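Printed here is upload-v2.txt (compact mmCIF, C-alpha atoms):
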# COMPACT_ATOMS: atom_id res chain seq x y z
CA MET U 227 -29.47 26.41 -4.78
CA VAL U 228 -30.20 28.46 -1.66
CA LEU U 229 -33.66 30.02 -1.60
CA TYR U 230 -34.80 32.99 0.44
CA GLY U 231 -38.22 33.90 1.77
CA GLN U 232 -40.55 35.00 4.53
CA ILE U 233 -43.19 33.29 6.62
CA ILE U 234 -45.93 35.73 7.56
CA ILE U 235 -47.91 35.25 10.77
CA GLY U 236 -50.25 37.44 12.79
CA ALA U 237 -53.75 37.64 14.19
CA PRO U 238 -56.77 37.26 11.88
CA GLY U 239 -57.34 40.54 10.09
CA ALA U 240 -53.80 41.80 10.76
CA GLY U 241 -53.15 42.12 7.03
CA LYS U 242 -51.08 39.04 6.17
CA THR U 243 -52.63 38.57 2.73
CA THR U 244 -52.39 42.30 2.00
CA TYR U 245 -48.74 42.25 3.08
CA CYS U 246 -47.98 39.29 0.79
CA ASP U 247 -49.66 41.07 -2.12
CA GLY U 248 -47.72 44.29 -1.54
CA MET U 249 -44.40 42.52 -0.99
CA GLN U 250 -44.84 40.44 -4.16
CA GLN U 251 -45.55 43.57 -6.21
CA TYR U 252 -42.58 45.38 -4.63
CA LEU U 253 -40.12 42.56 -5.33
CA LYS U 254 -41.35 42.23 -8.91
CA LEU U 255 -40.74 45.95 -9.43
CA LEU U 256 -37.17 45.34 -8.24
CA GLY U 257 -36.84 42.58 -10.84
CA ARG U 258 -36.89 39.77 -8.28
CA GLU U 259 -38.70 36.53 -9.02
CA CYS U 260 -41.27 36.23 -6.21
CA TYR U 261 -43.90 33.58 -5.51
CA VAL U 262 -46.53 33.27 -2.80
CA VAL U 263 -47.36 29.94 -1.16
CA ASN U 264 -50.80 30.09 0.46
CA LEU U 265 -50.68 27.78 3.48
CA ASP U 266 -53.95 29.10 4.92
CA PRO U 267 -56.75 26.55 4.32
CA ALA U 268 -59.31 29.25 5.16
CA ASN U 269 -58.26 31.43 2.20
CA GLU U 270 -60.57 29.62 -0.16
CA ILE U 271 -63.20 30.13 -2.84
CA PRO U 272 -66.72 29.39 -1.55
CA PRO U 273 -67.70 25.85 -2.62
CA SER U 274 -69.67 25.47 -5.84
CA SER U 275 -72.94 23.54 -5.91
CA ASN U 276 -71.66 21.19 -8.65
CA ASP U 277 -68.44 20.22 -6.81
CA ASP U 278 -68.22 16.49 -5.96
CA GLY U 279 -65.49 14.94 -3.88
CA ASP U 280 -63.83 11.87 -5.33
CA GLY U 281 -61.61 10.79 -2.43
CA ASP U 282 -61.87 10.49 1.32
CA ASP U 283 -59.07 10.17 3.82
CA ASP U 284 -59.00 7.89 6.83
CA ASN U 285 -61.36 10.17 8.77
CA GLY U 286 -63.81 10.66 5.92
CA VAL U 287 -62.68 14.14 4.80
CA THR U 288 -62.92 14.89 1.10
CA THR U 289 -59.98 16.94 -0.13
CA ALA U 290 -59.08 18.47 -3.47
CA ASN U 291 -56.23 16.15 -4.40
CA GLU U 292 -56.51 13.29 -1.90
CA ASN U 293 -56.17 10.56 -4.52
CA LYS U 294 -53.15 12.28 -6.06
CA LEU U 295 -51.43 12.64 -2.68
CA GLN U 296 -52.06 9.02 -1.75
CA GLY U 297 -50.95 7.83 -5.19
CA ALA U 298 -47.69 9.76 -5.00
CA GLU U 299 -47.12 8.51 -1.46
CA GLU U 300 -47.48 4.89 -2.61
CA GLY U 301 -45.54 5.43 -5.83
CA GLU U 302 -48.58 4.74 -8.01
CA GLU U 303 -48.77 8.09 -9.78
CA GLU U 304 -47.12 11.49 -9.93
CA ILE U 305 -48.80 14.59 -8.60
CA ASP U 306 -50.48 16.42 -11.47
CA THR U 307 -49.43 20.09 -11.54
CA SER U 308 -50.68 20.94 -15.01
CA ASN U 309 -54.22 21.82 -13.92
CA ALA U 310 -53.52 23.90 -10.83
CA ASN U 311 -56.51 26.16 -10.17
CA THR U 312 -56.24 29.84 -9.36
CA ASN U 313 -57.98 31.07 -6.23
CA THR U 314 -59.59 34.27 -7.51
CA GLN U 315 -60.36 35.33 -3.94
CA LEU U 316 -56.66 36.01 -3.30
CA PRO U 317 -55.13 39.31 -4.49
CA TYR U 318 -51.71 37.81 -5.20
CA THR U 319 -50.53 35.14 -7.63
CA THR U 320 -49.79 31.80 -5.97
CA ILE U 321 -47.40 29.07 -7.00
CA LEU U 322 -49.16 26.70 -4.58
CA ASP U 323 -52.53 27.14 -2.87
CA VAL U 324 -53.43 24.54 -0.24
CA CYS U 325 -57.15 25.29 -0.67
CA GLN U 326 -57.00 24.24 -4.31
CA ASP U 327 -54.24 21.62 -4.20
CA ILE U 328 -54.45 19.98 -0.76
CA ILE U 329 -57.32 20.65 1.66
CA SER U 330 -59.78 23.39 2.53
CA LEU U 331 -61.29 24.43 5.86
CA ASP U 332 -64.83 24.43 4.49
CA SER U 333 -64.70 20.73 3.55
CA VAL U 334 -63.29 19.77 6.96
CA MET U 335 -65.92 21.75 8.86
CA SER U 336 -68.80 20.33 6.82
CA GLU U 337 -67.69 16.69 6.84
CA LEU U 338 -66.24 16.39 10.36
CA ASN U 339 -68.63 18.86 12.03
CA LEU U 340 -65.72 20.82 13.49
CA GLY U 341 -65.64 24.49 14.36
CA PRO U 342 -63.31 27.00 12.67
CA ASN U 343 -60.44 26.64 15.15
CA GLY U 344 -60.60 22.85 15.44
CA GLY U 345 -61.04 22.51 11.69
CA LEU U 346 -58.05 24.73 10.97
CA LEU U 347 -55.86 22.77 13.38
CA TYR U 348 -56.95 19.56 11.65
CA CYS U 349 -56.09 21.07 8.24
CA MET U 350 -52.59 22.10 9.34
CA GLU U 351 -51.91 18.68 10.87
CA TYR U 352 -53.15 17.10 7.64
CA ILE U 353 -50.76 19.30 5.64
CA GLU U 354 -47.92 18.31 7.98
CA HIS U 355 -48.77 14.63 7.53
CA HIS U 356 -48.65 14.99 3.72
CA LEU U 357 -45.80 17.51 3.68
CA GLY U 358 -43.56 15.23 1.62
CA GLU U 359 -46.03 15.29 -1.26
CA VAL U 360 -46.64 19.03 -0.80
CA LEU U 361 -42.89 19.68 -1.02
CA LYS U 362 -42.66 17.51 -4.13
CA LEU U 363 -45.42 19.55 -5.76
CA LEU U 364 -43.75 22.83 -4.78
CA LYS U 365 -40.36 21.68 -6.09
CA GLU U 366 -41.88 20.69 -9.42
CA ARG U 367 -43.48 24.11 -9.84
CA LEU U 368 -40.26 25.86 -8.83
CA GLY U 369 -38.25 23.70 -11.23
CA ILE U 370 -36.06 22.26 -8.47
CA ASN U 371 -34.31 18.95 -9.05
CA ASN U 372 -35.25 16.65 -6.15
CA THR U 373 -31.97 14.70 -6.30
CA ASN U 374 -29.57 17.54 -5.63
CA ASN U 375 -31.99 20.33 -4.62
CA SER U 376 -30.65 22.53 -7.40
CA SER U 377 -32.74 24.68 -9.71
CA SER U 378 -33.04 23.40 -13.25
CA SER U 379 -33.31 26.92 -14.61
CA SER U 380 -31.62 30.03 -13.22
CA SER U 381 -33.34 33.37 -12.98
CA SER U 382 -32.94 35.51 -16.07
CA ASN U 383 -32.02 38.58 -14.02
CA GLY U 384 -29.33 36.78 -12.06
CA SER U 385 -31.19 37.12 -8.76
CA GLY U 386 -30.08 33.65 -7.67
CA GLY U 387 -33.47 31.95 -7.40
CA ALA U 388 -37.04 32.61 -6.41
CA TYR U 389 -38.10 34.52 -3.32
CA LEU U 390 -40.92 32.75 -1.47
CA LEU U 391 -43.66 34.25 0.71
CA PHE U 392 -45.59 31.82 2.93
CA ASP U 393 -49.03 33.15 3.89
CA LEU U 394 -50.04 31.34 7.10
CA PRO U 395 -53.30 31.17 9.10
CA GLY U 396 -53.80 33.72 11.87
CA GLN U 397 -55.35 31.62 14.65
CA ILE U 398 -53.28 31.97 17.81
CA GLU U 399 -53.71 28.27 18.64
CA LEU U 400 -51.46 27.33 15.72
CA THR U 401 -48.44 29.33 16.89
CA ALA U 402 -48.79 30.04 20.60
CA HIS U 403 -50.19 26.66 21.72
CA SER U 404 -49.14 24.21 18.99
CA ASN U 405 -45.90 23.22 17.30
CA VAL U 406 -47.45 22.32 13.94
CA ILE U 407 -46.39 25.59 12.21
CA SER U 408 -42.89 25.29 13.69
CA ARG U 409 -42.53 21.71 12.44
CA ILE U 410 -43.75 22.62 8.95
CA ALA U 411 -41.39 25.61 8.77
CA GLU U 412 -38.45 23.55 10.05
CA ARG U 413 -38.95 20.96 7.33
CA LEU U 414 -39.32 23.65 4.66
CA VAL U 415 -35.98 25.10 5.74
CA ARG U 416 -34.29 21.71 5.72
CA GLU U 417 -35.61 20.28 2.45
CA LEU U 418 -35.72 23.45 0.34
CA ASP U 419 -32.48 24.90 1.78
CA LEU U 420 -34.41 28.04 2.71
CA ARG U 421 -33.17 31.14 4.49
CA LEU U 422 -36.30 32.42 6.18
CA VAL U 423 -37.40 35.59 7.94
CA CYS U 424 -40.46 35.32 10.19
CA VAL U 425 -42.63 38.44 9.94
CA GLN U 426 -45.23 38.89 12.70
CA LEU U 427 -47.87 41.49 11.84
CA VAL U 428 -49.72 43.55 14.45
CA ASP U 429 -52.44 46.09 13.65
CA ALA U 430 -51.32 49.27 15.42
CA ALA U 431 -54.85 50.69 15.32
CA VAL U 432 -55.95 47.89 17.65
CA CYS U 433 -53.22 47.91 20.28
CA LEU U 434 -52.18 51.58 20.43
CA THR U 435 -55.58 52.76 21.65
CA ASP U 436 -55.19 50.94 24.98
CA VAL U 437 -52.10 50.03 27.02
CA SER U 438 -53.57 46.68 28.03
CA LYS U 439 -54.17 45.78 24.37
CA PHE U 440 -50.58 46.71 23.52
CA ILE U 441 -49.24 44.51 26.33
CA GLY U 442 -51.52 41.66 25.26
CA ALA U 443 -50.38 41.93 21.64
CA ALA U 444 -46.73 42.02 22.73
CA LEU U 445 -47.15 38.89 24.86
CA VAL U 446 -48.93 37.03 22.07
CA CYS U 447 -46.14 37.99 19.61
CA THR U 448 -43.48 36.88 22.08
CA ALA U 449 -45.14 33.50 22.69
CA SER U 450 -45.63 32.86 18.97
CA MET U 451 -42.10 33.86 18.02
CA MET U 452 -40.59 31.77 20.81
CA ARG U 453 -42.39 28.73 19.35
CA LEU U 454 -41.14 29.50 15.87
CA GLY U 455 -37.67 30.28 17.21
CA GLU U 456 -37.01 26.56 17.64
CA PHE U 457 -35.53 26.52 14.12
CA GLU U 458 -32.97 28.95 12.69
CA CYS U 459 -34.97 31.97 11.60
CA VAL U 460 -34.67 35.75 11.86
CA GLU U 461 -37.83 37.14 13.49
CA VAL U 462 -39.28 40.61 12.93
CA CYS U 463 -42.42 42.14 14.46
CA VAL U 464 -44.11 44.73 12.23
CA MET U 465 -46.68 47.14 13.68
CA TYR U 466 -48.55 49.22 11.15
CA VAL U 467 -51.73 51.15 10.46
CA TYR U 468 -53.92 50.82 7.36
CA ILE U 469 -53.97 53.97 5.23
Would you write the structure of this file as structure tokens?
Amino acid sequence: MVLYGQIIIGAPGAGKTTYCDGMQQYLKLLGRECYVVNLDPANEIPPSSNDDGDGDDDNGVTTANENKLQGAEEGEEEIDTSNANTNTQLPYTTILDVCQDIISLDSVMSELNLGPNGGLLYCMEYIEHHLGEVLKLLKERLGINNTNNSSSSSSSNGSGGAYLLFDLPGQIELTAHSNVISRIAERLVRELDLRLVCVQLVDAAVCLTDVSKFIGAALVCTASMMRLGEFECVEVCVMYVYI
């Protein structure tokens, strides 16, 4: 079954999470089944003092479900989706949250002594490396049969399947200077049979006050969307002001 969705990119603070929340509410009001996939490892709950990591990867990073990912990769065990945690810091409802299910920026920064930008790049490359297991987890929660990529249960309102919103990190290094987001999106399109729209958010209050800021924002958007344009995707730039 063909699925439709959006990948949301933009600078930090541009309103990506707010956009996903509003779009999810809007689509639900229209009777459309809509889910948000949080692919931003920095959108996380602050770590609790009683949290202990049980598994380390090759570079010594403790992640939420490292043992489950490795077990599924080796065919030893299935990924457990029954106890998926809810990130109460996020305003929307997620069907998959990388901070809870895969890896979080805080754990990478603390255990590898990386900064925010380097740690986030490491997280996204880690997600790309384990994308097969991430896709398996997402398919299970969507009720998609892995053998023929068809949904096991159709939407009750006849909408033709779920609508997916992918909330991505905002660091410019991930889109303008790296291909990791493009590679992840390309594989999502191929394996989930997705029809995606790329939405780039720009805060108009920042760039409309100065011509140089507007030109800078336009160049950054162009560079990012050219990177993501390597796979088939409609691209839209949205400039807005908070009310």
TODO: Go ahead and compute the interatomic distance for atom CA of U:Thr435 and atom CA of U:Met451, in Å to one decimal.
DONE: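 Atom-to-atom, atom CA of U:Thr435 and atom CA of U:Met451 are spaced 23.5 Å apart.
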re atom CA of U:Ile234 and atom CA of U:Ile410: distance 13.4 Å
Considering only C-alpha atoms, can you say which of U:Met227, U:Gly387, U:Leu322, U:Gly257 comes closest to U:Glu366?
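Counting only C-alpha atoms, the residue closest to U:Glu366 is U:Leu322.
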- Have a look at atom CA of U:Met249 and atom CA of U:Asp436 and let me know their distance in Å, one decimal.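 Atom CA of U:Asp436 lies at a distance of 29.4 Å from atom CA of U:Met249.
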Min atom-atom distance to U:Asn269 from the set U:Cys463, U:Leu229, U:Leu338, U:Leu316, counting only C-alpha atoms, belongs to U:Leu316
Taking into account only C-alpha atoms, which residue in the set U:Ala237, U:Ile329, U:Leu357, U:Val334 is nearest to U:Ala402?
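For U:Ala402, the nearest of the candidates is U:Ala237.
When only C-alpha atoms are used to compute distances to U:Leu346, the closest of the residues U:Ala411, U:Ala268, U:Val464, U:Ala431 turns out to be U:Ala268.
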I want to know what sits within 12 Å of U:Tyr261, based on all atoms listed in the file, with residues of the same chain fewer than 3 positions away left out; could you give that as number ranges by chain? U: 229-232, 246-247, 249-254, 258, 264, 318-323, 364, 367-368, 387-393
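Minimum atom-to-atom distance to U:Ser408, evaluated using only C-alpha atoms, belongs to U:Cys424 out of U:Cys447, U:Cys424, U:Val462, U:Cys433.
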Where's the centre, and what are the edge lengths in Å to one decimal, of a box along x, y and z enclosing all listed atoms of stretch 254-261 of chain U padded 5 Å per side, as lines of an AutoDock Vina configuration file?
center_x = -40.4
center_y = 39.8
center_z = -8.2
size_x = 17.1
size_y = 22.4
size_z = 15.3
Exercise. Given the choices U:Met452, U:Val324, U:Ala444, U:Leu256, which gets closest to U:His403 if the distance is worked out from all atoms listed in the file?
Worked result: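 Smallest distance to U:His403 is found for U:Met452.
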